[in-house]
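**Q** Next comes data-v6.cif, mmCIF, C-alpha atoms:
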data_run
loop_
_atom_site.group_PDB
_atom_site.id
_atom_site.type_symbol
_atom_site.label_atom_id
_atom_site.label_comp_id
_atom_site.auth_asym_id
_atom_site.auth_seq_id
_atom_site.Cartn_x
_atom_site.Cartn_y
_atom_site.Cartn_z
ATOM 1 C CA MET A 1 -50.621 73.236 151.427
ATOM 2 C CA ALA A 2 -48.262 76.147 152.061
ATOM 3 C CA THR A 3 -49.635 79.578 151.246
ATOM 4 C CA ASP A 4 -47.092 81.970 152.706
ATOM 5 C CA LEU A 5 -46.519 84.981 150.476
ATOM 6 C CA TYR A 6 -42.891 85.484 149.414
ATOM 7 C CA GLU A 7 -41.300 88.460 147.656
ATOM 8 C CA ILE A 8 -38.503 88.422 145.109
ATOM 9 C CA SER A 9 -36.254 91.487 145.358
ATOM 10 C CA GLY A 10 -34.057 93.248 142.812
ATOM 11 C CA LEU A 11 -36.524 93.012 139.928
ATOM 12 C CA CYS A 12 -37.902 95.787 137.720
ATOM 13 C CA VAL A 13 -41.439 95.146 139.046
ATOM 14 C CA ASP A 14 -42.866 93.752 142.277
ATOM 15 C CA VAL A 15 -43.099 89.958 142.206
ATOM 16 C CA GLU A 16 -44.667 87.947 144.990
ATOM 17 C CA TYR A 17 -45.400 84.253 144.960
ATOM 18 C CA MET A 18 -47.136 81.546 146.920
ATOM 19 C CA VAL A 19 -46.342 77.849 146.773
ATOM 20 C CA MET A 20 -49.729 76.147 146.486
ATOM 21 C CA GLY A 21 -51.461 72.903 145.621
ATOM 22 C CA VAL A 22 -50.637 69.227 145.706
ATOM 23 C CA LEU A 23 -47.728 69.701 143.289
ATOM 24 C CA ALA A 24 -46.327 72.776 145.120
ATOM 25 C CA ASN A 25 -46.796 75.196 142.221
ATOM 26 C CA ASN A 26 -45.678 78.798 142.212
ATOM 27 C CA VAL A 27 -48.595 81.232 141.918
ATOM 28 C CA TYR A 28 -47.232 84.667 140.999
ATOM 29 C CA ILE A 29 -48.663 88.102 141.761
ATOM 30 C CA VAL A 30 -46.892 90.732 139.666
ATOM 31 C CA SER A 31 -47.499 94.470 140.062
ATOM 32 C CA ASP A 32 -46.010 97.717 138.859
ATOM 33 C CA GLY A 33 -48.159 100.131 140.877
ATOM 34 C CA GLU A 34 -50.435 100.695 137.876
ATOM 35 C CA GLY A 35 -51.565 97.129 137.221
ATOM 36 C CA THR A 36 -51.551 93.667 138.761
ATOM 37 C CA MET A 37 -51.661 90.197 137.253
ATOM 38 C CA VAL A 38 -51.795 86.695 138.692
ATOM 39 C CA VAL A 39 -49.939 83.969 136.821
ATOM 40 C CA ASP A 40 -50.901 80.284 137.102
ATOM 41 C CA PRO A 41 -53.501 80.322 139.914
ATOM 42 C CA SER A 42 -53.251 76.648 140.825
ATOM 43 C CA CYS A 43 -55.882 76.527 143.568
ATOM 44 C CA SER A 44 -57.626 78.430 146.365
ATOM 45 C CA ALA A 45 -58.945 81.622 144.843
ATOM 46 C CA ASP A 46 -59.761 82.824 148.380
ATOM 47 C CA LYS A 47 -56.100 82.703 149.424
ATOM 48 C CA ILE A 48 -55.013 84.439 146.235
ATOM 49 C CA LEU A 49 -57.631 87.151 146.787
ATOM 50 C CA ALA A 50 -56.425 87.591 150.367
ATOM 51 C CA ALA A 51 -52.852 87.989 149.114
ATOM 52 C CA LEU A 52 -54.008 90.597 146.582
ATOM 53 C CA GLY A 53 -55.525 92.656 149.367
ATOM 54 C CA GLU A 54 -56.883 95.949 148.046
ATOM 55 C CA ARG A 55 -55.144 95.655 144.669
ATOM 56 C CA LYS A 56 -57.372 95.419 141.602
ATOM 57 C CA LEU A 57 -56.623 92.320 139.535
ATOM 58 C CA ASP A 58 -56.183 93.323 135.886
ATOM 59 C CA ALA A 59 -55.287 89.971 134.302
ATOM 60 C CA ILE A 60 -54.996 86.238 134.945
ATOM 61 C CA VAL A 61 -52.305 84.637 132.783
ATOM 62 C CA LEU A 62 -52.045 80.883 132.311
ATOM 63 C CA THR A 63 -48.681 79.628 131.047
ATOM 64 C CA HIS A 64 -50.184 76.300 129.997
ATOM 65 C CA SER A 65 -53.283 74.116 130.267
ATOM 66 C CA HIS A 66 -52.407 71.711 133.091
ATOM 67 C CA PHE A 67 -54.864 71.616 136.011
ATOM 68 C CA ASP A 68 -52.173 72.494 138.543
ATOM 69 C CA HIS A 69 -51.754 75.879 136.822
ATOM 70 C CA THR A 70 -55.402 76.635 136.049
ATOM 71 C CA GLY A 71 -57.371 75.263 139.013
ATOM 72 C CA ALA A 72 -58.470 78.595 140.528
ATOM 73 C CA ALA A 73 -58.639 80.605 137.289
ATOM 74 C CA ALA A 74 -62.416 80.388 136.766
ATOM 75 C CA GLU A 75 -63.231 81.288 140.358
ATOM 76 C CA LEU A 76 -60.694 84.133 140.367
ATOM 77 C CA ARG A 77 -62.089 85.428 137.060
ATOM 78 C CA GLU A 78 -65.616 85.338 138.444
ATOM 79 C CA ALA A 79 -64.637 87.088 141.695
ATOM 80 C CA THR A 80 -62.631 89.888 140.056
ATOM 81 C CA GLY A 81 -63.817 90.236 136.468
ATOM 82 C CA ALA A 82 -60.183 90.021 135.338
ATOM 83 C CA PRO A 83 -59.687 88.562 131.867
ATOM 84 C CA VAL A 84 -57.991 85.192 131.456
ATOM 85 C CA ILE A 85 -55.113 85.127 128.970
ATOM 86 C CA ALA A 86 -53.605 81.926 127.525
ATOM 87 C CA SER A 87 -52.026 80.653 124.340
ATOM 88 C CA ALA A 88 -54.339 80.019 121.415
ATOM 89 C CA VAL A 89 -53.018 76.454 121.275
ATOM 90 C CA ASP A 90 -53.802 75.573 124.926
ATOM 91 C CA ALA A 91 -56.997 77.653 125.262
ATOM 92 C CA PRO A 92 -59.349 74.838 124.101
ATOM 93 C CA LEU A 93 -57.998 72.528 126.849
ATOM 94 C CA ILE A 94 -58.478 75.256 129.461
ATOM 95 C CA GLU A 95 -62.025 75.962 128.326
ATOM 96 C CA GLU A 96 -62.958 72.271 128.008
ATOM 97 C CA PRO A 97 -60.576 70.030 129.970
ATOM 98 C CA ARG A 98 -60.512 66.376 128.939
ATOM 99 C CA ASP A 99 -61.345 63.781 131.565
ATOM 100 C CA GLU A 100 -59.217 61.161 129.841
ATOM 101 C CA ASP A 101 -56.074 63.279 130.187
ATOM 102 C CA LEU A 102 -55.114 63.658 133.852
ATOM 103 C CA SER A 103 -52.794 66.564 133.113
ATOM 104 C CA THR A 104 -55.597 68.672 131.632
ATOM 105 C CA ARG A 105 -58.471 67.469 133.797
ATOM 106 C CA GLY A 106 -59.621 70.479 135.758
ATOM 107 C CA VAL A 107 -62.179 73.191 136.193
ATOM 108 C CA PRO A 108 -63.286 74.654 132.853
ATOM 109 C CA CYS A 109 -62.439 78.338 132.497
ATOM 110 C CA PRO A 110 -63.282 80.746 129.679
ATOM 111 C CA VAL A 111 -60.237 82.276 128.003
ATOM 112 C CA ASP A 112 -60.895 85.931 127.208
ATOM 113 C CA ARG A 113 -57.778 86.567 125.148
ATOM 114 C CA THR A 114 -55.531 84.184 123.286
ATOM 115 C CA VAL A 115 -51.908 84.973 122.528
ATOM 116 C CA ALA A 116 -49.118 83.620 120.358
ATOM 117 C CA HIS A 117 -45.350 83.987 120.087
ATOM 118 C CA GLY A 118 -44.350 87.646 119.798
ATOM 119 C CA ASP A 119 -47.593 89.086 121.145
ATOM 120 C CA VAL A 120 -47.455 91.614 123.971
ATOM 121 C CA VAL A 121 -49.570 91.424 127.111
ATOM 122 C CA GLU A 122 -49.975 94.868 128.657
ATOM 123 C CA VAL A 123 -50.893 95.123 132.330
ATOM 124 C CA GLY A 124 -50.543 98.558 133.896
ATOM 125 C CA ASN A 125 -47.323 99.942 132.411
ATOM 126 C CA MET A 126 -45.840 96.465 132.017
ATOM 127 C CA LYS A 127 -45.383 95.128 128.489
ATOM 128 C CA TRP A 128 -44.799 91.369 128.646
ATOM 129 C CA LYS A 129 -43.468 89.679 125.518
ATOM 130 C CA VAL A 130 -45.031 86.263 124.900
ATOM 131 C CA ILE A 131 -42.502 83.549 124.042
ATOM 132 C CA ALA A 132 -43.921 80.279 122.715
ATOM 133 C CA THR A 133 -42.268 77.353 124.508
ATOM 134 C CA PRO A 134 -43.980 74.182 123.309
ATOM 135 C CA GLY A 135 -42.851 70.928 124.845
ATOM 136 C CA HIS A 136 -44.375 70.611 128.300
ATOM 137 C CA THR A 137 -47.654 71.338 126.515
ATOM 138 C CA LYS A 138 -48.142 72.182 122.864
ATOM 139 C CA GLY A 139 -49.174 75.724 123.772
ATOM 140 C CA GLY A 140 -46.844 76.505 126.655
ATOM 141 C CA ILE A 141 -45.703 80.121 126.931
ATOM 142 C CA CYS A 142 -43.230 82.191 128.879
ATOM 143 C CA LEU A 143 -43.618 85.895 129.597
ATOM 144 C CA TYR A 144 -40.626 88.231 129.425
ATOM 145 C CA LEU A 145 -40.462 91.780 130.785
ATOM 146 C CA ASP A 146 -37.439 93.855 129.850
ATOM 147 C CA ALA A 147 -36.455 96.309 132.587
ATOM 148 C CA GLU A 148 -36.182 99.120 130.044
ATOM 149 C CA GLY A 149 -39.353 101.139 130.089
ATOM 150 C CA THR A 150 -40.260 100.143 133.650
ATOM 151 C CA ALA A 151 -40.138 102.411 136.702
ATOM 152 C CA ASN A 152 -36.912 100.644 137.743
ATOM 153 C CA PRO A 153 -34.848 100.185 134.533
ATOM 154 C CA ALA A 154 -31.604 99.463 136.449
ATOM 155 C CA ALA A 155 -33.137 96.379 138.062
ATOM 156 C CA ALA A 156 -33.257 92.852 136.685
ATOM 157 C CA PRO A 157 -35.743 91.884 133.955
ATOM 158 C CA VAL A 158 -38.323 89.174 134.674
ATOM 159 C CA LEU A 159 -39.075 85.862 132.968
ATOM 160 C CA VAL A 160 -42.128 83.898 134.074
ATOM 161 C CA SER A 161 -41.619 80.397 132.718
ATOM 162 C CA GLY A 162 -44.452 78.227 134.026
ATOM 163 C CA ASP A 163 -43.229 74.634 133.735
ATOM 164 C CA THR A 164 -40.785 75.337 130.905
ATOM 165 C CA LEU A 165 -38.081 75.589 133.582
ATOM 166 C CA PHE A 166 -37.971 73.762 136.896
ATOM 167 C CA CYS A 167 -35.524 74.510 139.695
ATOM 168 C CA GLY A 168 -32.241 72.984 138.561
ATOM 169 C CA THR A 169 -33.665 71.439 135.375
ATOM 170 C CA VAL A 170 -36.045 71.907 132.453
ATOM 171 C CA GLY A 171 -39.759 71.165 132.590
ATOM 172 C CA ARG A 172 -40.928 67.684 131.736
ATOM 173 C CA THR A 173 -41.459 67.452 127.993
#
For the file at hand, write its structure as structure tokens.

**A**
Amino acid sequence: MATDLYEISGLCVDVEYMVMGVLANNVYIVSDGEGTMVVDPSCSADKILAALGERKLDAIVLTHSHFDHTGAAAELREATGAPVIASAVDAPLIEEPRDEDLSTRGVPCPVDRTVAHGDVVEVGNMKWKVIATPGHTKGGICLYLDAEGTANPAAAPVLVSGDTLFCGTVGRT
């Protein structure tokens, strides 16, 4: 399991990621100097906490309910007190995974805030627009941050897509 921390440059906020878990998922750490969020903590809360260092975790965002995107969410929530945010549609499967469905079998995790298309998730000075992207799961979401209004408005905006997009293709639907 690779857990090197990588940075993406040229964006309007700081984005770091680790490739983790049996399915090599991207776990994102996004910061703007005022707030920090982790997106899709697939596994190993200890390694995610180490990567956070001294930063306070303000939110844990789950793009969908599959175990390979939620596996460390409960432990990370417990260790940091950060709220877990997920779509209202997928939240029940995150809170009570089903054993009969391998894609949602995982560690149960309370969802502190549910969101829907058009909602805004504020972390620090970042205002992420929630975009509903059903298909991979019924409640899949993407998060979009326009560069305008950030500390670096000339830089590129950010889209966190979960499994809606895969490298070179679309997510399995």

**Q** Hey, which of A:Ala156, A:Ile8, A:Met18, A:Ile85 ends up closest to Val123 (chain A)? Count all atoms listed in the file.

**A**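 Among A:Ala156, A:Ile8, A:Met18, A:Ile85, it is A:Ile85 that comes nearest to Val123 (chain A).
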
**Q** Written as a PyMOL selection string, which residues does the PyMOL selection byres ((chain A and resi 107) around 9) give for the file shown?

**A** chain A and resi 67+70-74+94-97+105-106+108-109

**Q** List as a VMD selection string the protein and nucleic acid residues near Met126 (chain A), meaning an atom at most 7 Å away when all atoms listed in the file are counted, but skip any in the same chain fewer than 2 places from it.

**A** chain A and resid 32 122 to 124 128 150

**Q** Give as a list in words the residues that the PyMOL selection byres ((chain A and resi 7) around 12) matches when applied to the coordinates above.

**A**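 Output from the PyMOL selection byres ((chain A and resi 7) around 12), applied to this file: Asp4, Leu5, Tyr6, Ile8, Ser9, Gly10, Leu11, Val13, Asp14, Val15, Glu16, Tyr17, Met18, Val19, Asn26, Val27, Tyr28, Ile29, Val30, Ser31 and Ala51 of chain A.
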
**Q** Starting from 6 Å padding per side, set up an axis-aligned box that covers all listed atoms of region 74-85 of chain A and hand over centre and edge lengths in Å, one decimal, as lines of an AutoDock Vina configuration file.

**A**
center_x = -60.4
center_y = 85.3
center_z = 135.3
size_x = 22.5
size_y = 21.8
size_z = 24.7
